[in-house]
Every structure is written in structure tokens, then in C-alpha cells.
Amino acid sequence: MASAEVLRRIDVQVHEGESIAIVGGAGAGKSTLLLCAAGLLVPDSGEVSWFGDHGRAAAILRATYHFAPGRYERDRAAGRRQERGAPHLHVIDSVDALAGDVIQRLAGWIERRRKRGDAILVAARDGDVGRRLASRCMTMRCGELHGDGRPATAARVAERARIC
């Protein structure tokens, strides 16, 4: 049996009304992190909580995984089914595949969800896309999350070329 350690020493909190972009190259661990955050993948160690609740049932009620392109638009009915007044976590994966006008519409959707009190976690390969969609950016490299969540700057050439 083979195994791989994909995520290491991850500690990220997304608060109500906040959006964070996880920016990193292919294979960095962004999608794995989002799947754990949505409750669709159970980590081998550590813990995940949804608005203070560590039970996986909370993920079913309080988290939605969106896979771009365009999936978030079809999930409007799901958003209406959420408990009114209870914040929700939206994780949005693969946004780099979206066209510029769709990114702009997604940015508006994210802002409306944030104003409602929802938390948003977005995965992007392109730092510019991440900054357009989120108020804070963190960089993921080789399964580790870097940065304190302040607006990210573009990676230097040497950082992009790093091999895990």
C-alpha cells in the first residue's frame, strides 16, 4: 500500500464574512486542502472545524464545495436552502479555468456572500486571480501554507521553479 503526505502543518482560519485565496502551482495541495475544508476528505491527523463545530455533520450543513467553471452559479438554490442567519463556508476550486467576465461575476457573488456573513476559501494558481477574488491571499507550496494572509505579491521566478 502506498501513501503520500500531501498537507503538512496547515493552520488556517476563515472567519465569518472573510475570503481567503490559497494560491499555488499544480500539485501544491490546494484542492486537497479545500476538500478537507468542505468535509469531503478526512485528514489522517489534525482536526477541521466548521464555525466551532468539529463534527463532520457540521460540514454537511455548513460547507459547500464548488468546482469551477460556473458551478457556483448553479448552487444558488443550495444557498437558499441554508439555515437563515447561519454563516456558511464556500470553498471554490479551479477558478483559473474561468474567463475574465466570469471571474468578475464570481467576485460579485463572493462579495454578496461575505456581506451575508459567509466565509469563502478560493484556490487559484494565479496570484492575480486570487487577489481579485479574495481579501487575503496565502501561498501553498509542497503541501505547506505560507504567509500570514495579507494580500500576496507575485511569486519570484525562483519560487515558481521550486521542486518539492
# chains A, B, ... in the order shown; residues from 1 in each chain; ligands from 1

call {"tool": "residues_around", "arguments": {"residues": "His88 of chain A", "least_positions_apart": "3", "cutoff": "6 Å", "atoms": "only C-alpha atoms", "output": "PyMOL selection string"}}
result
chain A and resi 62-63+118

call {"tool": "residues_around", "arguments": {"residues": "Ala124 of chain A", "least_positions_apart": "2", "cutoff": "8 Å", "atoms": "only C-alpha atoms", "output": "list in words"}}
result
Ala21, Ile22, Val23, Gly24, Lys30, Asp93, Ser94, Val95, Asp96, Val122, Asp126, Gly127, Val129 and Gly130 of chain A

call {"tool": "residues_around", "arguments": {"residues": "Gly147 of chain A", "least_positions_apart": "6", "cutoff": "9 Å", "atoms": "only C-alpha atoms", "output": "MDAnalysis selection string"}}
result
chainID A and resid 137:140

call {"tool": "write_last_selection", "arguments": {"atoms": "N, CA and C atoms", "output": "PDB file, in the first residue's frame"}}
result
ATOM      1  N   CYS A 137      -4.646  36.626   0.764  1.00  0.00           N
ATOM      2  CA  CYS A 137      -4.040  35.540  -0.005  1.00  0.00           C
ATOM      3  C   CYS A 137      -2.969  34.856   0.819  1.00  0.00           C
ATOM      4  N   MET A 138      -2.926  33.538   0.670  1.00  0.00           N
ATOM      5  CA  MET A 138      -1.857  32.744   1.261  1.00  0.00           C
ATOM      6  C   MET A 138      -1.286  31.875   0.143  1.00  0.00           C
ATOM      7  N   THR A 139      -0.012  31.538   0.252  1.00  0.00           N
ATOM      8  CA  THR A 139       0.651  30.751  -0.776  1.00  0.00           C
ATOM      9  C   THR A 139       0.850  29.328  -0.286  1.00  0.00           C
ATOM     10  N   MET A 140       0.544  28.362  -1.153  1.00  0.00           N
ATOM     11  CA  MET A 140       0.758  26.962  -0.821  1.00  0.00           C
ATOM     12  C   MET A 140       1.859  26.422  -1.718  1.00  0.00           C
TER      13      MET A 140
END

call {"tool": "residues_around", "arguments": {"residues": "segment 31-45 of chain A", "least_positions_apart": "6", "cutoff": "8 Å", "atoms": "only C-alpha atoms", "output": "list in words"}}
result
Val6, Leu7, Arg56, Ala59, Ile60, Ala63, Thr64, Tyr65, Leu89, His90, Val91, Ile92, Asp93, Leu121 and Ala123 of chain A

call {"tool": "residues_around", "arguments": {"residues": "Leu133 of chain A", "least_positions_apart": "4", "cutoff": "9 Å", "atoms": "only C-alpha atoms", "output": "short mmCIF file (atom, residue, chain, number, x, y, z; two decimals) with N, CA and C atoms, in the first residue's frame"}}
result
data_model
loop_
_atom_site.label_atom_id
_atom_site.label_comp_id
_atom_site.auth_asym_id
_atom_site.auth_seq_id
_atom_site.Cartn_x
_atom_site.Cartn_y
_atom_site.Cartn_z
N SER A 19 -12.87 36.32 3.07
CA SER A 19 -12.49 35.49 1.92
C SER A 19 -10.98 35.38 1.87
N ILE A 20 -10.50 34.16 1.65
CA ILE A 20 -9.07 33.89 1.55
C ILE A 20 -8.82 33.10 0.27
N ALA A 21 -7.79 33.52 -0.47
CA ALA A 21 -7.35 32.77 -1.64
C ALA A 21 -6.11 31.97 -1.25
N ILE A 103 -14.97 35.56 -13.97
CA ILE A 103 -14.23 35.90 -12.74
C ILE A 103 -14.86 37.14 -12.10
N GLN A 104 -15.21 38.11 -12.92
CA GLN A 104 -15.82 39.34 -12.40
C GLN A 104 -17.17 39.05 -11.74
N LEU A 106 -18.05 36.15 -10.50
CA LEU A 106 -17.75 35.39 -9.30
C LEU A 106 -17.31 36.32 -8.17
N ALA A 107 -16.52 37.34 -8.49
CA ALA A 107 -16.09 38.31 -7.47
C ALA A 107 -17.30 38.98 -6.83
N GLY A 108 -18.30 39.34 -7.64
CA GLY A 108 -19.53 39.94 -7.11
C GLY A 108 -20.29 38.96 -6.23
N ILE A 110 -19.02 36.43 -4.55
CA ILE A 110 -18.26 36.27 -3.31
C ILE A 110 -18.53 37.44 -2.38
N GLU A 111 -18.52 38.64 -2.91
CA GLU A 111 -18.76 39.83 -2.07
C GLU A 111 -20.16 39.78 -1.44
N VAL A 122 -10.90 30.16 -1.58
CA VAL A 122 -10.74 30.01 -3.03
C VAL A 122 -9.36 29.45 -3.32
N ASP A 128 -2.81 36.81 -9.29
CA ASP A 128 -3.66 37.93 -9.68
C ASP A 128 -5.14 37.55 -9.56
N VAL A 129 -5.48 36.34 -9.98
CA VAL A 129 -6.86 35.86 -9.86
C VAL A 129 -7.24 35.76 -8.39
#

call {"tool": "atom_distance", "arguments": {"atom1": "atom CA of Gly17 of chain A", "atom2": "atom CA of Pro87 of chain A"}}
result
8.3 Å

call {"tool": "atom_distance", "arguments": {"atom1": "atom CA of Arg116 of chain A", "atom2": "atom CA of Gln13 of chain A"}}
result
18.1 Å

call {"tool": "atom_distance", "arguments": {"atom1": "atom CA of Arg125 of chain A", "atom2": "atom CA of Ala26 of chain A"}}
result
7.1 Å

call {"tool": "select_by_dssp", "arguments": {"residues": "segment 4-51 of chain A", "states": "alpha helix (DSSP H)", "output": "JSON, numbers by chain"}}
result
{"A": [30, 31, 32, 33, 34, 35, 36, 37]}

call {"tool": "closest_residue", "arguments": {"among": "A:Asp11, A:Glu5, A:Asp101, A:Glu16", "to": "Arg114 of chain A", "atoms": "only C-alpha atoms"}}
result
A:Glu16

call {"tool": "closest_residue", "arguments": {"among": "A:Val102, A:Ala119, A:Ser49, A:Arg112", "to": "Ala86 of chain A", "atoms": "only C-alpha atoms"}}
result
A:Ala119
